[in-house]
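Here is the file upload.txt (compact mmCIF, C-alpha atoms and all ligand atoms).
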```
# COMPACT_ATOMS: atom_id res chain seq x y z
CA MET A 1 -6.52 3.72 -10.39
CA THR A 2 -3.82 3.35 -7.69
CA MET A 3 -1.27 2.40 -10.36
CA PHE A 4 -1.98 5.19 -12.80
CA ILE A 5 -2.98 8.16 -10.61
CA ASN A 6 -0.24 10.66 -9.79
CA PRO A 7 0.57 10.04 -6.07
CA GLY A 8 1.44 13.73 -5.62
CA TYR A 9 4.80 14.28 -7.32
CA ILE A 10 6.46 17.63 -6.63
CA GLN A 11 7.85 19.49 -9.61
CA LYS A 12 11.65 19.28 -9.88
CA ASN A 13 13.76 22.40 -10.06
CA ASN A 14 16.35 22.38 -12.86
CA ASP A 15 18.00 25.66 -11.92
CA SER A 16 20.94 24.78 -9.63
CA ARG A 17 21.39 28.47 -8.69
CA GLN A 18 18.08 28.30 -6.82
CA LEU A 19 19.43 25.46 -4.69
CA PHE A 20 22.21 27.72 -3.40
CA SER A 21 19.72 30.43 -2.48
CA LEU A 22 17.58 27.77 -0.74
CA LEU A 23 20.64 26.70 1.26
CA THR A 24 20.85 30.18 2.75
CA GLN A 25 17.18 30.01 3.86
CA TYR A 26 16.79 26.41 5.07
CA GLU A 27 18.74 23.70 6.85
CA PRO A 28 20.39 21.21 4.40
CA TRP A 29 18.18 18.32 5.59
CA GLU A 30 15.08 20.36 4.67
CA LEU A 31 16.14 20.30 0.98
CA CYS A 32 16.09 17.55 -1.63
CA PRO A 33 19.41 17.60 -3.54
CA ASP A 34 17.99 15.40 -6.33
CA CYS A 35 14.91 17.55 -7.04
CA GLN A 36 16.75 20.74 -5.90
CA ILE A 37 13.72 21.94 -3.92
CA HIS A 38 12.68 22.70 -0.36
CA LYS A 39 10.84 19.57 0.79
CA PRO A 40 7.33 20.30 2.15
CA LEU A 41 6.31 18.76 5.48
CA ARG A 42 5.67 14.98 5.34
CA SER A 43 7.13 14.67 1.83
CA ARG A 44 9.98 12.37 0.89
CA HIS A 45 12.13 11.66 -2.13
CA CYS A 46 11.37 8.26 -3.74
CA GLU A 47 14.47 6.51 -5.06
CA PHE A 48 12.44 4.42 -7.52
CA CYS A 49 10.44 7.32 -9.00
CA SER A 50 13.31 9.88 -8.64
CA ARG A 51 10.79 12.46 -7.47
CA CYS A 52 9.60 13.90 -4.16
CA VAL A 53 6.07 12.84 -3.17
CA ILE A 54 3.70 14.78 -0.90
CA VAL A 55 2.62 12.87 2.25
CA TYR A 56 4.79 9.94 1.15
CA ASP A 57 3.58 6.57 2.44
CA HIS A 58 5.74 4.04 0.59
CA HIS A 59 6.72 2.88 -2.91
CA CYS A 60 4.62 -0.17 -3.79
CA PRO A 61 6.55 -2.64 -6.01
CA TRP A 62 3.33 -4.64 -6.66
CA LEU A 63 1.65 -1.57 -8.18
CA ASN A 64 4.87 -0.04 -9.54
CA ASN A 65 3.85 3.35 -8.16
CA CYS A 66 4.37 5.47 -5.08
CA ILE A 67 1.59 5.73 -2.52
CA GLY A 68 1.18 9.39 -1.65
CA ALA A 69 -1.53 11.87 -0.61
CA LYS A 70 -3.37 11.76 -3.96
CA ASN A 71 -3.71 8.00 -4.51
CA TYR A 72 -3.90 6.93 -0.85
CA PRO A 73 -7.75 6.56 -0.79
CA PHE A 74 -7.57 4.37 -3.92
CA PHE A 75 -4.83 2.25 -2.31
CA ILE A 76 -6.98 1.66 0.80
CA CYS A 77 -9.97 0.67 -1.39
CA PHE A 78 -7.68 -1.60 -3.42
CA ILE A 79 -6.26 -3.57 -0.48
CA LEU A 80 -9.71 -3.89 1.14
CA THR A 81 -11.18 -5.17 -2.15
CA VAL A 82 -8.38 -7.72 -2.55
CA PHE A 83 -8.88 -8.84 1.07
CA ILE A 84 -12.67 -9.30 0.64
CA ASN A 85 -12.08 -11.14 -2.65
CA LEU A 86 -9.58 -13.47 -0.95
CA ILE A 87 -12.00 -14.33 1.88
CA HIS A 88 -14.76 -14.87 -0.68
CA LEU A 89 -12.56 -17.26 -2.72
CA ILE A 90 -11.49 -19.22 0.37
CA ILE A 91 -15.12 -19.71 1.52
CA LEU A 92 -16.43 -20.68 -1.94
CA ASN A 93 -13.56 -23.07 -2.70
CA SER A 94 -13.86 -24.74 0.72
CA ILE A 95 -17.60 -25.29 0.25
CA PHE A 96 -17.41 -26.63 -3.31
CA LEU A 97 -14.15 -28.62 -3.04
CA LYS A 98 -15.99 -31.83 -2.05
CA ASP A 99 -18.70 -31.31 -4.64
CA ASP A 100 -18.09 -33.16 -7.92
CA TYR A 101 -19.66 -33.38 -11.35
CA ASN A 102 -21.26 -36.82 -10.73
CA ASN A 103 -24.18 -34.95 -9.17
CA TYR A 104 -24.93 -33.34 -12.53
CA LEU A 105 -25.16 -36.66 -14.46
CA PRO A 106 -27.07 -37.82 -16.39
CA ASN A 107 -27.51 -34.45 -18.03
CA HIS A 108 -30.91 -34.46 -19.77
CA HIS A 109 -30.54 -30.97 -21.20
CA TYR A 110 -27.29 -31.78 -23.02
CA PRO A 111 -27.26 -35.59 -23.67
CA TRP A 112 -23.96 -35.39 -25.63
CA PHE A 113 -22.31 -34.24 -22.36
CA ASN A 114 -22.76 -37.74 -20.86
CA TYR A 115 -20.76 -39.39 -23.70
CA VAL A 116 -18.15 -36.74 -24.50
CA ILE A 117 -16.95 -35.84 -21.02
CA ASN A 118 -14.66 -38.08 -18.95
CA ILE A 119 -16.25 -37.34 -15.60
CA GLU A 120 -13.37 -38.75 -13.50
CA ALA A 121 -10.77 -36.61 -15.28
CA LEU A 122 -13.05 -33.61 -14.92
CA ASN A 123 -13.43 -34.21 -11.16
CA ILE A 124 -9.66 -34.59 -10.66
CA SER A 125 -8.85 -31.41 -12.63
CA LYS A 126 -11.56 -29.50 -10.73
CA LYS A 127 -10.11 -30.60 -7.38
CA CYS A 128 -6.55 -29.70 -8.48
CA VAL A 129 -7.59 -26.20 -9.62
CA GLN A 130 -9.69 -25.53 -6.52
CA SER A 131 -6.98 -26.82 -4.14
CA SER A 132 -4.35 -24.65 -5.87
CA ILE A 133 -6.56 -21.56 -5.57
CA LEU A 134 -7.23 -22.38 -1.92
CA ILE A 135 -3.50 -22.78 -1.09
CA ILE A 136 -2.54 -19.53 -2.90
CA CYS A 137 -5.36 -17.61 -1.17
CA VAL A 138 -4.41 -18.90 2.29
CA LEU A 139 -0.71 -18.07 1.66
CA PHE A 140 -1.59 -14.50 0.65
CA LEU A 141 -4.11 -14.09 3.48
CA PHE A 142 -1.49 -13.72 6.26
CA PRO A 143 0.73 -10.99 4.74
CA LEU A 144 -2.34 -9.17 3.44
CA SER A 145 -4.03 -9.28 6.86
CA TYR A 146 -0.92 -7.73 8.40
CA LEU A 147 -0.85 -5.05 5.68
CA ILE A 148 -4.54 -4.24 6.31
CA TYR A 149 -3.86 -4.01 10.07
CA VAL A 150 -0.90 -1.63 9.56
CA GLN A 151 -2.74 0.51 7.01
CA MET A 152 -5.95 0.75 9.08
CA ASP A 153 -3.89 1.76 12.12
CA ASN A 154 -2.14 4.44 9.99
CA LEU A 155 -5.45 5.60 8.49
CA PHE A 156 -7.12 6.24 11.85
CA ARG A 157 -3.98 7.92 13.28
CA ASN A 158 -3.18 10.17 10.26
CA ILE A 159 0.32 8.77 9.99
CA THR A 160 2.10 7.30 6.99
CA THR A 161 3.99 3.98 6.89
CA PHE A 162 7.27 5.88 6.49
CA GLU A 163 6.53 8.11 9.52
CA LYS A 164 5.44 5.12 11.61
CA TYR A 165 8.62 3.11 11.10
CA ARG A 166 10.84 6.18 11.47
CA GLN A 167 9.15 6.98 14.79
CA GLU A 168 9.87 3.43 15.97
CA GLU A 169 13.47 3.83 14.84
CA GLN A 170 13.77 7.10 16.81
CA THR A 171 12.25 5.45 19.90
CA ASN A 172 14.82 2.66 19.67
CA VAL A 173 17.66 5.17 19.36
CA GLN A 174 16.33 7.18 22.34
CA GLY A 175 16.09 3.94 24.29
CA SER A 176 19.71 3.10 23.58
CA LYS A 177 20.80 6.72 24.31
CA ASP A 178 23.06 6.67 21.31
CA LYS A 179 23.47 10.40 20.69
CA LYS A 180 25.36 10.04 17.44
CA SER A 181 22.62 7.84 15.87
CA GLN A 182 19.99 10.24 17.21
CA GLN A 183 21.67 13.15 15.43
CA THR A 184 21.89 11.16 12.20
CA ILE A 185 18.18 10.35 12.24
CA ASN A 186 17.23 13.92 13.15
CA SER A 187 19.35 15.29 10.33
CA THR A 188 17.63 13.06 7.76
CA SER A 189 14.20 13.94 9.09
CA SER A 190 12.00 16.34 7.15
CA ILE A 191 8.78 15.82 9.07
CA LYS A 192 7.61 18.14 11.79
CA SER A 193 4.20 16.63 12.21
CA THR A 194 2.21 18.11 15.08
CA ALA A 195 -0.55 15.48 14.88
CA SER A 196 -1.25 13.59 18.11
CA HIS A 197 -1.65 10.28 16.20
CA LYS A 198 -4.52 9.13 18.42
CA LEU A 199 -7.14 6.85 16.88
CA SER A 200 -10.07 8.88 15.52
CA CYS A 201 -12.43 9.00 12.52
CA SER A 202 -11.41 12.59 11.73
CA ASN A 203 -7.88 11.29 11.02
CA CYS A 204 -9.38 8.97 8.41
CA ILE A 205 -10.97 11.98 6.64
CA GLU A 206 -7.66 13.86 6.89
CA MET A 207 -5.77 10.99 5.25
CA CYS A 208 -8.31 10.32 2.50
CA CYS A 209 -9.53 13.83 1.62
CA ASN A 210 -7.65 16.70 3.25
CA ASN A 211 -3.93 15.81 3.12
CA SER A 212 -3.82 16.16 -0.68
CA LYS A 213 -5.32 19.69 -0.41
CA ASN A 214 -3.43 20.83 2.70
CA THR A 215 -1.29 23.80 1.60
CA SER A 216 1.35 23.18 4.28
CA TYR A 217 2.14 19.84 2.62
CA GLN A 218 2.42 21.42 -0.85
CA GLN A 219 5.50 23.01 -2.28
ZN ZN B 301 13.29 14.79 -4.36
ZN ZN B 302 8.10 5.79 -5.91
```

Now that the file is in, can you turn its structure into structure tokens?
Amino acid sequence: MTMFINPGYIQKNNDSRQLFSLLTQYEPWELCPDCQIHKPLRSRHCEFCSRCVIVYDHHCPWLNNCIGAKNYPFFICFILTVFINLIHLIILNSIFLKDDYNNYLPNHHYPWFNYVINIEALNISKKCVQSSILIICVLFLFPLSYLIYVQMDNLFRNITTFEKYRQEEQTNVQGSKDKKSQQTINSTSSIKSTASHKLSCSNCIEMCCNNSKNTSYQQ
């Protein structure tokens, strides 16, 4: 669903004359030169999709799709499902790793099983497969846990990943008092979010249900 649902692409404008009239109404950084449109609040142009996306979060290379206002709830469900599945696999594989097929012999229901199967080879292959699954799951657990933490923090603050890291970048620039860098970041900014970004459940509803319908984020 996350892969195939439209994340909230904004229709491109093919009439370059409109771009000139837009330039007289808006600041240059409020326009997208590629799509030739006025960018709505919280939208951003995706270089991979070559389109502007409403309430842009990030472009996910794993899903080969942008994460925007319309597929954000599916993305949250997806990462939570993968996380639960990973924990489930780690627990099951840890419990049954020591267990081997000797416990199931002799098999009275299927006597041929006792003669056909090489039980030692079967035990070794079982341990190899289970250990490999366990190692892969543990390796993926750490980056996925960090992703869940970042996304849950964003979800309950009504802030996107792009906005979060840009805010941090602005804070760093303010800290260093580098006026030139500050101007550069401000000029590339298209977001005038008035949200307080405090943790609350209403922000979760905003992110999952209301942002995709909010007219101020539409074109
Ligand atoms: Zn664009
Ligand atoms: Zn994209």

Notebook entry, point to check: For Leu155 in chain A, which residue among A:Leu134, A:Ile76, A:Ile91, A:Cys128 is the nearest when counting all atoms listed in the file?
Noted result: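 Selected residue with least distance to Leu155 in chain A: A:Ile76.
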
Find the residues of chain A that sit at most 7 Å from ligand ZN 301 (chain B); for each, write down the nearest two atoms and how far apart they are in Å, to one decimal. Count only C-alpha atoms and all ligand atoms. Sort by chain, then by number going up, and give it as a tab-separated table.
```
residue	atom	partner	partner_atom	distance
A:Cys32	CA	B:ZN301	ZN	4.8
A:Pro33	CA	B:ZN301	ZN	6.8
A:Asp34	CA	B:ZN301	ZN	5.1
A:Cys35	CA	B:ZN301	ZN	4.2
A:Arg44	CA	B:ZN301	ZN	6.7
A:His45	CA	B:ZN301	ZN	4.0
A:Cys46	CA	B:ZN301	ZN	6.8
A:Ser50	CA	B:ZN301	ZN	6.5
A:Arg51	CA	B:ZN301	ZN	4.6
A:Cys52	CA	B:ZN301	ZN	3.8
```

Item checked: Shortest interatomic distance to Asn85 in chain A - which of A:Ile10, A:Ile54, A:Leu22, A:Leu141, counting all atoms listed in the file -> A:Leu141

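In this model, the gap between CA of Phe78 in chain A and atom ZN of ligand ZN 302 (chain B) comes to 17.6 Å.
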
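Picture a line from CA of Asp99 in chain A to CA of Lys126 in chain A; it runs 9.6 Å.
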
Check: Which neighbours of Ile90 in chain A fall inside 9 Å, counting only C-alpha atoms, when residues of the same chain fewer than 6 positions from it are skipped, and could you give them as a PyMOL selection string?
Finding: chain A and resi 133-135+137-138

Next item on the list: In Å, rounded to a single decimal, give me how far CA of Leu19 in chain A is from CA of Asn211 in chain A.
Entry: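 If I compute the distance from CA of Asn211 in chain A to CA of Leu19 in chain A, I get 26.5 Å.
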
Neighbours of ligand ZN 302 (chain B) at 12 Å or closer, counting only C-alpha atoms and all ligand atoms: which residues, as a short mmCIF file (atom, residue, chain, number, x, y, z; two decimals) with C-alpha atoms, in the coordinates of the input?
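Here's the written file selection_27.cif:
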```
data_model
loop_
_atom_site.label_atom_id
_atom_site.label_comp_id
_atom_site.auth_asym_id
_atom_site.auth_seq_id
_atom_site.Cartn_x
_atom_site.Cartn_y
_atom_site.Cartn_z
CA MET A 3 -1.27 2.40 -10.36
CA ASN A 6 -0.24 10.66 -9.79
CA PRO A 7 0.57 10.04 -6.07
CA GLY A 8 1.44 13.73 -5.62
CA TYR A 9 4.80 14.28 -7.32
CA ILE A 10 6.46 17.63 -6.63
CA SER A 43 7.13 14.67 1.83
CA ARG A 44 9.98 12.37 0.89
CA HIS A 45 12.13 11.66 -2.13
CA CYS A 46 11.37 8.26 -3.74
CA GLU A 47 14.47 6.51 -5.06
CA PHE A 48 12.44 4.42 -7.52
CA CYS A 49 10.44 7.32 -9.00
CA SER A 50 13.31 9.88 -8.64
CA ARG A 51 10.79 12.46 -7.47
CA CYS A 52 9.60 13.90 -4.16
CA VAL A 53 6.07 12.84 -3.17
CA ILE A 54 3.70 14.78 -0.90
CA TYR A 56 4.79 9.94 1.15
CA ASP A 57 3.58 6.57 2.44
CA HIS A 58 5.74 4.04 0.59
CA HIS A 59 6.72 2.88 -2.91
CA CYS A 60 4.62 -0.17 -3.79
CA PRO A 61 6.55 -2.64 -6.01
CA TRP A 62 3.33 -4.64 -6.66
CA LEU A 63 1.65 -1.57 -8.18
CA ASN A 64 4.87 -0.04 -9.54
CA ASN A 65 3.85 3.35 -8.16
CA CYS A 66 4.37 5.47 -5.08
CA ILE A 67 1.59 5.73 -2.52
CA GLY A 68 1.18 9.39 -1.65
#
```

Next item on the list: For a cut-off of 12 Å around (-8.6, 6.2, 19.9), file coordinates, pick out all residues using all atoms listed in the file and list them as an MDAnalysis selection string.
Entry: chainID A and resid 153:158 196:204

Item checked: Counting all atoms listed in the file, the option among A:Arg17, A:Lys213, A:Lys12, A:Lys164 closest to Ile37 in chain A ->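 Nearest candidate to Ile37 in chain A out of A:Arg17, A:Lys213, A:Lys12, A:Lys164: A:Lys12.
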
Distance query Gln219 in chain A at most 8 Å, all atoms listed in the file, self and fewer than 5 positions along chain excluded, as a PDB file with C-alpha atoms, in the frame of the given file:
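In the end it all went to selection.pdb:
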```
ATOM      1  CA  ILE A  10       6.460  17.630  -6.630  1.00  0.00           C
ATOM      2  CA  HIS A  38      12.680  22.700  -0.360  1.00  0.00           C
ATOM      3  CA  LYS A  39      10.840  19.570   0.790  1.00  0.00           C
ATOM      4  CA  PRO A  40       7.330  20.300   2.150  1.00  0.00           C
TER       5      PRO A  40
END
```

Note to self: What's around Ile79 in chain A at 10 Å? Count all atoms listed in the file, leave out sequence neighbours fewer than 6 positions away in its own chain, and write the answer as an MDAnalysis selection string.
What the structure shows: chainID A and resid 85 144:145 147:148 151

With all heavy atoms as the target, complete range 67-78 of chain A and hand it back as a short mmCIF file (atom, residue, chain, number, x, y, z; two decimals), in the frame of the given file.
```
data_model
loop_
_atom_site.label_atom_id
_atom_site.label_comp_id
_atom_site.auth_asym_id
_atom_site.auth_seq_id
_atom_site.Cartn_x
_atom_site.Cartn_y
_atom_site.Cartn_z
N ILE A 67 2.86 5.47 -3.19
CA ILE A 67 1.59 5.73 -2.52
C ILE A 67 1.79 7.05 -1.78
O ILE A 67 2.59 7.14 -0.86
CB ILE A 67 1.19 4.60 -1.55
CG1 ILE A 67 1.24 3.23 -2.25
CG2 ILE A 67 -0.18 4.86 -0.94
CD1 ILE A 67 0.36 3.06 -3.47
N GLY A 68 1.08 8.06 -2.24
CA GLY A 68 1.18 9.39 -1.65
C GLY A 68 -0.20 9.94 -1.35
O GLY A 68 -1.20 9.21 -1.42
N ALA A 69 -0.26 11.25 -1.04
CA ALA A 69 -1.53 11.87 -0.61
C ALA A 69 -2.65 11.69 -1.64
O ALA A 69 -3.80 11.48 -1.26
CB ALA A 69 -1.31 13.34 -0.36
N LYS A 70 -2.30 11.74 -2.95
CA LYS A 70 -3.37 11.76 -3.96
C LYS A 70 -3.94 10.40 -4.32
O LYS A 70 -5.09 10.32 -4.76
CB LYS A 70 -2.86 12.48 -5.22
CG LYS A 70 -2.64 13.97 -4.95
CD LYS A 70 -2.35 14.75 -6.18
CE LYS A 70 -2.16 16.23 -5.78
NZ LYS A 70 -1.68 17.03 -6.90
N ASN A 71 -3.14 9.33 -4.18
CA ASN A 71 -3.71 8.00 -4.51
C ASN A 71 -3.91 7.13 -3.27
O ASN A 71 -4.22 5.94 -3.39
CB ASN A 71 -2.88 7.28 -5.59
CG ASN A 71 -1.47 6.96 -5.14
OD1 ASN A 71 -1.04 7.38 -4.07
ND2 ASN A 71 -0.75 6.21 -5.95
N TYR A 72 -3.74 7.71 -2.09
CA TYR A 72 -3.90 6.93 -0.85
C TYR A 72 -5.31 6.34 -0.69
O TYR A 72 -5.45 5.15 -0.37
CB TYR A 72 -3.50 7.77 0.37
CG TYR A 72 -3.43 6.99 1.63
CD1 TYR A 72 -2.33 6.18 1.92
CD2 TYR A 72 -4.48 7.00 2.55
CE1 TYR A 72 -2.27 5.43 3.07
CE2 TYR A 72 -4.43 6.26 3.71
CZ TYR A 72 -3.33 5.47 3.98
OH TYR A 72 -3.28 4.72 5.11
N PRO A 73 -6.41 7.15 -0.94
CA PRO A 73 -7.75 6.56 -0.79
C PRO A 73 -7.98 5.38 -1.73
O PRO A 73 -8.60 4.39 -1.35
CB PRO A 73 -8.70 7.71 -1.16
CG PRO A 73 -7.88 8.94 -1.20
CD PRO A 73 -6.46 8.57 -1.31
N PHE A 74 -7.42 5.47 -2.96
CA PHE A 74 -7.57 4.37 -3.92
C PHE A 74 -6.80 3.14 -3.45
O PHE A 74 -7.24 2.01 -3.64
CB PHE A 74 -7.07 4.80 -5.31
CG PHE A 74 -7.86 5.92 -5.89
CD1 PHE A 74 -7.39 7.21 -5.87
CD2 PHE A 74 -9.11 5.68 -6.45
CE1 PHE A 74 -8.13 8.25 -6.38
CE2 PHE A 74 -9.86 6.71 -6.97
CZ PHE A 74 -9.37 8.01 -6.93
N PHE A 75 -5.64 3.36 -2.82
CA PHE A 75 -4.83 2.25 -2.31
C PHE A 75 -5.58 1.52 -1.20
O PHE A 75 -5.60 0.28 -1.17
CB PHE A 75 -3.48 2.80 -1.80
CG PHE A 75 -2.61 1.76 -1.15
CD1 PHE A 75 -2.03 0.76 -1.90
CD2 PHE A 75 -2.38 1.78 0.22
CE1 PHE A 75 -1.23 -0.21 -1.30
CE2 PHE A 75 -1.58 0.83 0.83
CZ PHE A 75 -1.02 -0.17 0.05
N ILE A 76 -6.22 2.28 -0.29
CA ILE A 76 -6.98 1.66 0.80
C ILE A 76 -8.14 0.83 0.23
O ILE A 76 -8.37 -0.32 0.64
CB ILE A 76 -7.49 2.75 1.79
CG1 ILE A 76 -6.30 3.38 2.55
CG2 ILE A 76 -8.53 2.21 2.77
CD1 ILE A 76 -5.58 2.45 3.52
N CYS A 77 -8.86 1.41 -0.76
CA CYS A 77 -9.97 0.67 -1.39
C CYS A 77 -9.43 -0.59 -2.07
O CYS A 77 -10.06 -1.65 -1.99
CB CYS A 77 -10.66 1.54 -2.44
SG CYS A 77 -11.58 2.88 -1.73
N PHE A 78 -8.28 -0.47 -2.71
CA PHE A 78 -7.68 -1.60 -3.42
C PHE A 78 -7.36 -2.76 -2.49
O PHE A 78 -7.76 -3.91 -2.73
CB PHE A 78 -6.43 -1.13 -4.18
CG PHE A 78 -5.58 -2.24 -4.72
CD1 PHE A 78 -6.02 -3.03 -5.77
CD2 PHE A 78 -4.34 -2.53 -4.17
CE1 PHE A 78 -5.25 -4.07 -6.26
CE2 PHE A 78 -3.56 -3.56 -4.65
CZ PHE A 78 -4.03 -4.33 -5.69
#
```
